[in-house]
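A.B. asks: One structure is given below, represented as structure tokens, and several questions about it will come after.
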Amino acid sequence: MGATREIFWNTGSAAVAAMYLLALVAVGALAHGFRRRRDIWRRGKPLDRTDHPLRRLSRLLADTVSQRKVARVAEGGVPHAIFFWAFLLLFAGTLLVMAQADLLTPFFNFNLLSGDFYRLYSLTLDLAGLLAFVALGVLAARRFVIRPPGLERTPGDATIHLLLLAILVTGFIVEGFRMAATELRDNPGLALWSPVGYLFAELFAGMSDQAQRVAHRALWLAHMLLALGFIAIIPWTKLRHIATTSGNSFFEPDEPKGTLAPVDLDDESAERFGASAVGDLFWKDLFDADACTKCGRCQQRCPAWLTGKPLSPMKVIADIGDVAETASENGLIDAVSRDALWSCTTCGACEEICPASIEHVGKIIEMRRSLVLMAGEFPGDEARRACDAIEINGNPFGLSGASRGDWANGLPVSVADGKSETEILYFTGCYASFDPRNSKVAESFIKICAAAGVSVAVLGKVERCCGEPARKLGNEYLYRMVAESNIAAIRASGARRIVTACPHCFNTLARDYRELGFDLPVEHHSTFIRRLVGEGRLKLNPAPFSATYHDSCYLARYRDIVEAPRVVVEAAGGRLAEMEWSGSETFCCGAGGGRILAEERMGTPIVDERLRMARKTGASTLIAACPFCLSMFEDGIKRSDAHQSLKAFDLAEVVVRSLENP
Amino acid sequence: MNILVCIKQVPDMEGHFTPNAAGNWFDETGLAWRMNEYDAVAVEEAVRLKESLGGGARVMALSIGPARAVEAIRKALAMGCDDGVHIEDPEALERDPWQIASMIAGFAAGRGFDLIFTGMQSEDRGSAQVGLLAAERLGVASVTGITAFEWRDGSTTVERELEGGRRCRLRLKSPALLTCQPGLNTPRYPTLPNIMKSKRAALTVLSPDSVGLESPKVSSENFRPHERNAEGVILEGDAETLAARVCEILETRTAVHGKGGAR
């Protein structure tokens, strides 16, 4: 006997006609719902995120089909991926039925769903249904029973879980009744190809044919209504993420990570800067709110949230979505709250882990820009004074700019005069210039260069703060002021290549200054030293020591520099033990986002949490490659560790130590 | 209502001060310049008053100094002043308080200012005389070093600090001149639209002679760095070591120890 089945068996032509009609209604509701959402997205400013559409499309397909972003976090992510793949198969199976019924049979008189293909089709869909059922069960158990922190349980969530469950269960029951009334009697061999359906069929086998048919028809209708209902409610519920989260893979920024929206400071008619209303944000910012599934991953990685500060990246996005929905012209910043905005270290952990490609940091900066540029507000008076100091003295400490190069007195460093040709210009940065602890790092770096035969120049007193902390606080004007001054000074210096030991200076010079026409190669000392070691220019005599390396957010996350510093540490004799969160998933020291200029008044110090992770490795040396991180560690160790058994060093310092070993 | 704020551009006090060639004042090389912080408080108070009065009130910022003083005037405009006047005087830094006051009074006389705000003193010269002298020359009431200010129906109530932490409250009629000190307010951070506007604003530029510059009454004879005559010591160690070291220092370097009456 052949292997096939009668499509729309026992349903009756009226029900089928109703199904097509209702399907139109469902698709109409879907389209109408997304039109409504689109109206909300359009409350934002225009932004082109459709260039290179093929590249974007292939990213969308790769992200969505592979489920790689969501499955990156196994808990929740893997069952989601399994559910997705299973549901995708079921959806494809349904489309195949539709193609058979509406295309192949009437126009080509060809039965694709027959023979071995039908057997495989039956088996695949049956198992897909089972997998979807199991995965849904795991997801539901996680959300409603295990209840991990940060995962919400709204009536909407319950509804969606129940709806999906009902669709799967009614599907199997319909199948069971159909098989009980047909295959089980006429073609038991084929029935085995639908193992789950077979179990249900066995359950109903004892019922009369009439009862089976009545029950089948009723449940078919229920299954159909549930499935169409699912389609109809997509844009109206969190299910919209099916479109918006995958859509966000398409709309992802292609600029280098950390690129901020430009501010036109030359536009003399500009009266509004930053974002204080949804209309000041881009449409993509509002789209992001719809792409958010509130999975809570960002919150569980946010150093501010984890140390008791009132910032949840997830809530920031949700708050923006709420304000966008109510079409309120103001109140954006009040809705998000100033404390939340100022708590951000711009470490980017949220964006790194977000499975929906949401850009949290840029929005926070836009709102900070409004606070600083439109209202002169800062996270504290100390931050305002630091900005004043950067403006006047070129450094946040308010120390004399004329003494900026004093740390290099007596070291083999020349002050760039535009004539001498050194191999590199060392952009020292404020901390290495003025903070005695970090001046030791600068000194170490110079010793390394001397040992490797690299000639070094500095800008000396004409160097100013790179502007990064000010910019991240939202003070774009001050950033531009110092940036332009530095660019002019570097151009006048005759430098051809720049090295800096500060990831913040590095990102700013290498990426942000590009927007201002600066184009010299810029390197961080970690990759620079790595190259000196690799090329054999720097000879090390390593003596073994136990160490853990702390990835600076602005190196690891923003620039993917993870390996080079580790290679250097190991070349210097360090035996590395990794911390809980490392590499691109590193945990912030608390000083990013201009927070280095502000007091940490809320919650517990972020750096304490990082030091806890460092101590857990058992290493005696904590290595940083960033002056902000190093300062935070030194402060944290002094405050919390009476014995100071953990010692913090910069990468350059451990390298110098191995230079000096006999 | 017509308000005048007198501001001075001063070197940042963290700079390294070295004597000039004549040895009678400091050399400007390597110094960073900013608005005198006392004057920033004066600007803030003037702008707050203007804002509380709504339309009709205007604040004019006046500075005497070389070309770079324009930066301080623009800063005052960015903070909310309406008009800027620059008495361009390359030698302003070396002028004595009398000369500066003579120019302020020369400018303000006859212009009908209801209130004149200025800093209690400058950070660099610190004479604290300019405000008082200008008020005297103008023949208007003045209060120095105010820490609170209130304006009501043409009369002004201010507070100033006395010795021993006491304060007094004074009421005076305009026109009046008030010198301000930190504690009165926290000067605002200028907003970007105001900074942009201030950059475009046209300033009135006057010469010292046109506002009645007079000859000095005091001249600076000598400028030299601080002579170190005391040194700080930072002690380190546990409590016992610290206590022993303190006793040792008290014993060897002071007359306190062993006299039975340190308290």
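We label chains A, B, ... in the order they appear in the structure tokens, count residues from 1 in each chain, and number ligands from 1 in the order shown.
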Just the residues within 8 Å of Ala375 of chain A, please, counting only C-alpha atoms, with nothing from its chain fewer than 6 positions along; format it as a count of residues only.
C.D. replies: 3
A.B. asks: Report as a ChimeraX atom specification all protein, DNA and RNA residues lying within 8 Å of Ala78 of chain B, evaluated on only C-alpha atoms, omitting residues in the same chain fewer than 2 positions from it.
C.D. replies: /B:74-76,80-81,190-191,194-198
A.B. asks: Define the interface residues of chain B facing chain A as those within 12 Å, counting only C-alpha atoms, and report them as a PyMOL selection string.
C.D. replies: chain B and resi 9-17+28-35+37+71-72+75+78-79+186-200+238
A.B. asks: Hey, can you spit out that residue selection with N, CA and C atoms as an mmCIF file, in the first residue's frame?
C.D. replies:
```cif
data_model
loop_
_atom_site.group_PDB
_atom_site.id
_atom_site.type_symbol
_atom_site.label_atom_id
_atom_site.label_comp_id
_atom_site.auth_asym_id
_atom_site.auth_seq_id
_atom_site.Cartn_x
_atom_site.Cartn_y
_atom_site.Cartn_z
ATOM 1 N N GLN B 9 40.118 87.564 34.100
ATOM 2 C CA GLN B 9 40.720 86.302 33.688
ATOM 3 C C GLN B 9 42.024 86.137 34.463
ATOM 4 N N VAL B 10 42.165 85.016 35.132
ATOM 5 C CA VAL B 10 43.341 84.791 35.982
ATOM 6 C C VAL B 10 44.037 83.500 35.555
ATOM 7 N N PRO B 11 45.310 83.368 35.912
ATOM 8 C CA PRO B 11 45.973 82.097 35.618
ATOM 9 C C PRO B 11 45.466 81.013 36.545
ATOM 10 N N ASP B 12 45.429 79.782 36.031
ATOM 11 C CA ASP B 12 45.059 78.670 36.886
ATOM 12 C C ASP B 12 46.115 78.528 37.972
ATOM 13 N N MET B 13 45.655 78.382 39.204
ATOM 14 C CA MET B 13 46.579 78.434 40.333
ATOM 15 C C MET B 13 47.494 77.217 40.415
ATOM 16 N N GLU B 14 47.197 76.162 39.622
ATOM 17 C CA GLU B 14 48.078 74.993 39.624
ATOM 18 C C GLU B 14 49.314 75.231 38.766
ATOM 19 N N GLY B 15 49.323 76.324 38.017
ATOM 20 C CA GLY B 15 50.453 76.591 37.127
ATOM 21 C C GLY B 15 51.736 76.862 37.902
ATOM 22 N N HIS B 16 52.841 76.825 37.188
ATOM 23 C CA HIS B 16 54.135 77.132 37.813
ATOM 24 C C HIS B 16 54.439 78.602 37.610
ATOM 25 N N PHE B 17 54.476 79.324 38.708
ATOM 26 C CA PHE B 17 54.671 80.769 38.627
ATOM 27 C C PHE B 17 56.153 81.105 38.751
ATOM 28 N N GLU B 28 54.030 85.054 32.219
ATOM 29 C CA GLU B 28 52.811 84.364 31.756
ATOM 30 C C GLU B 28 53.086 83.040 31.053
ATOM 31 N N THR B 29 54.355 82.769 30.762
ATOM 32 C CA THR B 29 54.669 81.562 29.986
ATOM 33 C C THR B 29 54.180 80.299 30.694
ATOM 34 N N GLY B 30 53.542 79.435 29.921
ATOM 35 C CA GLY B 30 53.138 78.133 30.446
ATOM 36 C C GLY B 30 51.922 78.159 31.348
ATOM 37 N N LEU B 31 51.299 79.311 31.501
ATOM 38 C CA LEU B 31 50.134 79.370 32.389
ATOM 39 C C LEU B 31 48.845 79.137 31.601
ATOM 40 N N ALA B 32 47.877 78.499 32.259
ATOM 41 C CA ALA B 32 46.558 78.314 31.655
ATOM 42 C C ALA B 32 45.629 79.354 32.264
ATOM 43 N N TRP B 33 44.733 79.885 31.451
ATOM 44 C CA TRP B 33 43.899 80.998 31.922
ATOM 45 C C TRP B 33 42.452 80.611 32.063
ATOM 46 N N ARG B 34 41.821 81.193 33.051
ATOM 47 C CA ARG B 34 40.426 80.851 33.315
ATOM 48 C C ARG B 34 39.731 82.040 33.966
ATOM 49 N N MET B 35 38.422 81.955 34.080
ATOM 50 C CA MET B 35 37.701 83.012 34.778
ATOM 51 C C MET B 35 37.966 82.860 36.282
ATOM 52 N N GLU B 37 37.496 82.365 39.919
ATOM 53 C CA GLU B 37 36.371 81.572 40.427
ATOM 54 C C GLU B 37 35.379 82.409 41.243
ATOM 55 N N GLU B 71 38.160 85.358 26.100
ATOM 56 C CA GLU B 71 37.692 84.000 26.447
ATOM 57 C C GLU B 71 36.835 84.032 27.711
ATOM 58 N N ALA B 72 37.262 84.811 28.687
ATOM 59 C CA ALA B 72 36.501 84.889 29.939
ATOM 60 C C ALA B 72 35.147 85.561 29.695
ATOM 61 N N LYS B 75 32.892 83.161 28.063
ATOM 62 C CA LYS B 75 32.437 82.186 29.058
ATOM 63 C C LYS B 75 31.249 82.771 29.837
ATOM 64 N N ALA B 78 28.322 82.641 27.718
ATOM 65 C CA ALA B 78 27.829 81.270 27.624
ATOM 66 C C ALA B 78 27.056 80.890 28.884
ATOM 67 N N MET B 79 27.430 81.494 30.009
ATOM 68 C CA MET B 79 26.708 81.204 31.258
ATOM 69 C C MET B 79 25.388 81.962 31.316
ATOM 70 N N THR B 186 26.617 77.588 43.109
ATOM 71 C CA THR B 186 27.546 76.794 42.313
ATOM 72 C C THR B 186 27.399 77.248 40.867
ATOM 73 N N PRO B 187 28.445 77.844 40.309
ATOM 74 C CA PRO B 187 28.327 78.333 38.939
ATOM 75 C C PRO B 187 27.944 77.216 37.974
ATOM 76 N N ARG B 188 27.081 77.548 37.050
ATOM 77 C CA ARG B 188 26.570 76.550 36.122
ATOM 78 C C ARG B 188 27.610 76.163 35.086
ATOM 79 N N TYR B 189 27.390 75.001 34.478
ATOM 80 C CA TYR B 189 28.190 74.594 33.336
ATOM 81 C C TYR B 189 27.446 75.084 32.108
ATOM 82 N N PRO B 190 28.076 75.876 31.255
ATOM 83 C CA PRO B 190 27.343 76.457 30.128
ATOM 84 C C PRO B 190 26.765 75.388 29.207
ATOM 85 N N THR B 191 25.587 75.653 28.690
ATOM 86 C CA THR B 191 24.990 74.711 27.748
ATOM 87 C C THR B 191 25.569 74.973 26.359
ATOM 88 N N LEU B 192 25.521 73.952 25.531
ATOM 89 C CA LEU B 192 26.130 74.083 24.210
ATOM 90 C C LEU B 192 25.458 75.156 23.347
ATOM 91 N N PRO B 193 24.130 75.226 23.324
ATOM 92 C CA PRO B 193 23.528 76.316 22.523
ATOM 93 C C PRO B 193 24.016 77.688 22.986
ATOM 94 N N ASN B 194 24.178 77.858 24.277
ATOM 95 C CA ASN B 194 24.673 79.147 24.770
ATOM 96 C C ASN B 194 26.137 79.371 24.413
ATOM 97 N N ILE B 195 26.925 78.291 24.426
ATOM 98 C CA ILE B 195 28.330 78.416 24.025
ATOM 99 C C ILE B 195 28.396 78.862 22.571
ATOM 100 N N MET B 196 27.559 78.230 21.739
ATOM 101 C CA MET B 196 27.543 78.584 20.304
ATOM 102 C C MET B 196 27.166 80.054 20.136
ATOM 103 N N LYS B 197 26.133 80.451 20.888
ATOM 104 C CA LYS B 197 25.671 81.849 20.777
ATOM 105 C C LYS B 197 26.786 82.798 21.233
ATOM 106 N N SER B 198 27.460 82.414 22.308
ATOM 107 C CA SER B 198 28.489 83.300 22.862
ATOM 108 C C SER B 198 29.645 83.462 21.886
ATOM 109 N N LYS B 199 29.870 82.414 21.087
ATOM 110 C CA LYS B 199 30.983 82.512 20.138
ATOM 111 C C LYS B 199 30.668 83.512 19.019
ATOM 112 N N ARG B 200 29.367 83.649 18.737
ATOM 113 C CA ARG B 200 28.973 84.554 17.651
ATOM 114 C C ARG B 200 28.743 85.982 18.137
ATOM 115 N N ASP B 238 52.451 50.526 61.715
ATOM 116 C CA ASP B 238 51.281 50.194 62.532
ATOM 117 C C ASP B 238 51.127 51.212 63.669
#
```
A.B. asks: Would you pick out the contacts of segment 412-420 of chain A at 6 Å or less, using only C-alpha atoms, so that residues sharing its chain but fewer than 5 positions from it are not included, and give the list as a list in words?
C.D. replies: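 So, after excluding close chain neighbours, the residues are Val456, Ala457, Val458, Leu459, Gly460, Ala492, Ser493 and Gly494 of chain A.
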A.B. asks: Store the residues picked out above in a file with N, CA and C atoms, as a PDB file, in the first residue's frame.
C.D. replies:
```pdb
ATOM      1  N   VAL A 456      61.678  56.958  20.986  1.00  0.00           N
ATOM      2  CA  VAL A 456      60.363  57.430  21.417  1.00  0.00           C
ATOM      3  C   VAL A 456      60.338  58.944  21.581  1.00  0.00           C
ATOM      4  N   ALA A 457      59.285  59.543  21.071  1.00  0.00           N
ATOM      5  CA  ALA A 457      59.034  60.959  21.345  1.00  0.00           C
ATOM      6  C   ALA A 457      57.706  61.087  22.062  1.00  0.00           C
ATOM      7  N   VAL A 458      57.554  62.170  22.812  1.00  0.00           N
ATOM      8  CA  VAL A 458      56.249  62.478  23.417  1.00  0.00           C
ATOM      9  C   VAL A 458      55.876  63.898  23.016  1.00  0.00           C
ATOM     10  N   LEU A 459      54.581  64.219  23.192  1.00  0.00           N
ATOM     11  CA  LEU A 459      54.146  65.578  22.870  1.00  0.00           C
ATOM     12  C   LEU A 459      54.503  66.538  23.999  1.00  0.00           C
ATOM     13  N   GLY A 460      54.679  65.981  25.218  1.00  0.00           N
ATOM     14  CA  GLY A 460      55.010  66.832  26.356  1.00  0.00           C
ATOM     15  C   GLY A 460      53.851  67.732  26.727  1.00  0.00           C
ATOM     16  N   ALA A 492      51.786  68.567  14.029  1.00  0.00           N
ATOM     17  CA  ALA A 492      52.974  69.429  14.100  1.00  0.00           C
ATOM     18  C   ALA A 492      54.190  68.661  14.596  1.00  0.00           C
ATOM     19  N   SER A 493      53.959  67.550  15.273  1.00  0.00           N
ATOM     20  CA  SER A 493      55.076  66.811  15.878  1.00  0.00           C
ATOM     21  C   SER A 493      55.882  66.038  14.846  1.00  0.00           C
ATOM     22  N   GLY A 494      55.319  65.838  13.691  1.00  0.00           N
ATOM     23  CA  GLY A 494      56.007  65.060  12.671  1.00  0.00           C
ATOM     24  C   GLY A 494      55.933  63.560  12.912  1.00  0.00           C
TER      25      GLY A 494
END
```
A.B. asks: Please, what distance in Å, to one decimal, runs between atom CA of Thr179 of chain B and atom CA of Ser142 of chain B?
C.D. replies: 7.8 Å
A.B. asks: Using backbone DSSP assignments, extract all helix (DSSP H, G or I) residues from segment 67-191 of chain B; output them as number ranges by chain.
C.D. replies: B: 69-78, 92-94, 97-108, 130-138, 163-165
A.B. asks: What are the DSSP strand (DSSP E) residues of segment 119-201 of chain B, as an NGL selection string?
C.D. replies: :B and (119 or 141-152 or 155-161 or 167-173 or 176-180)
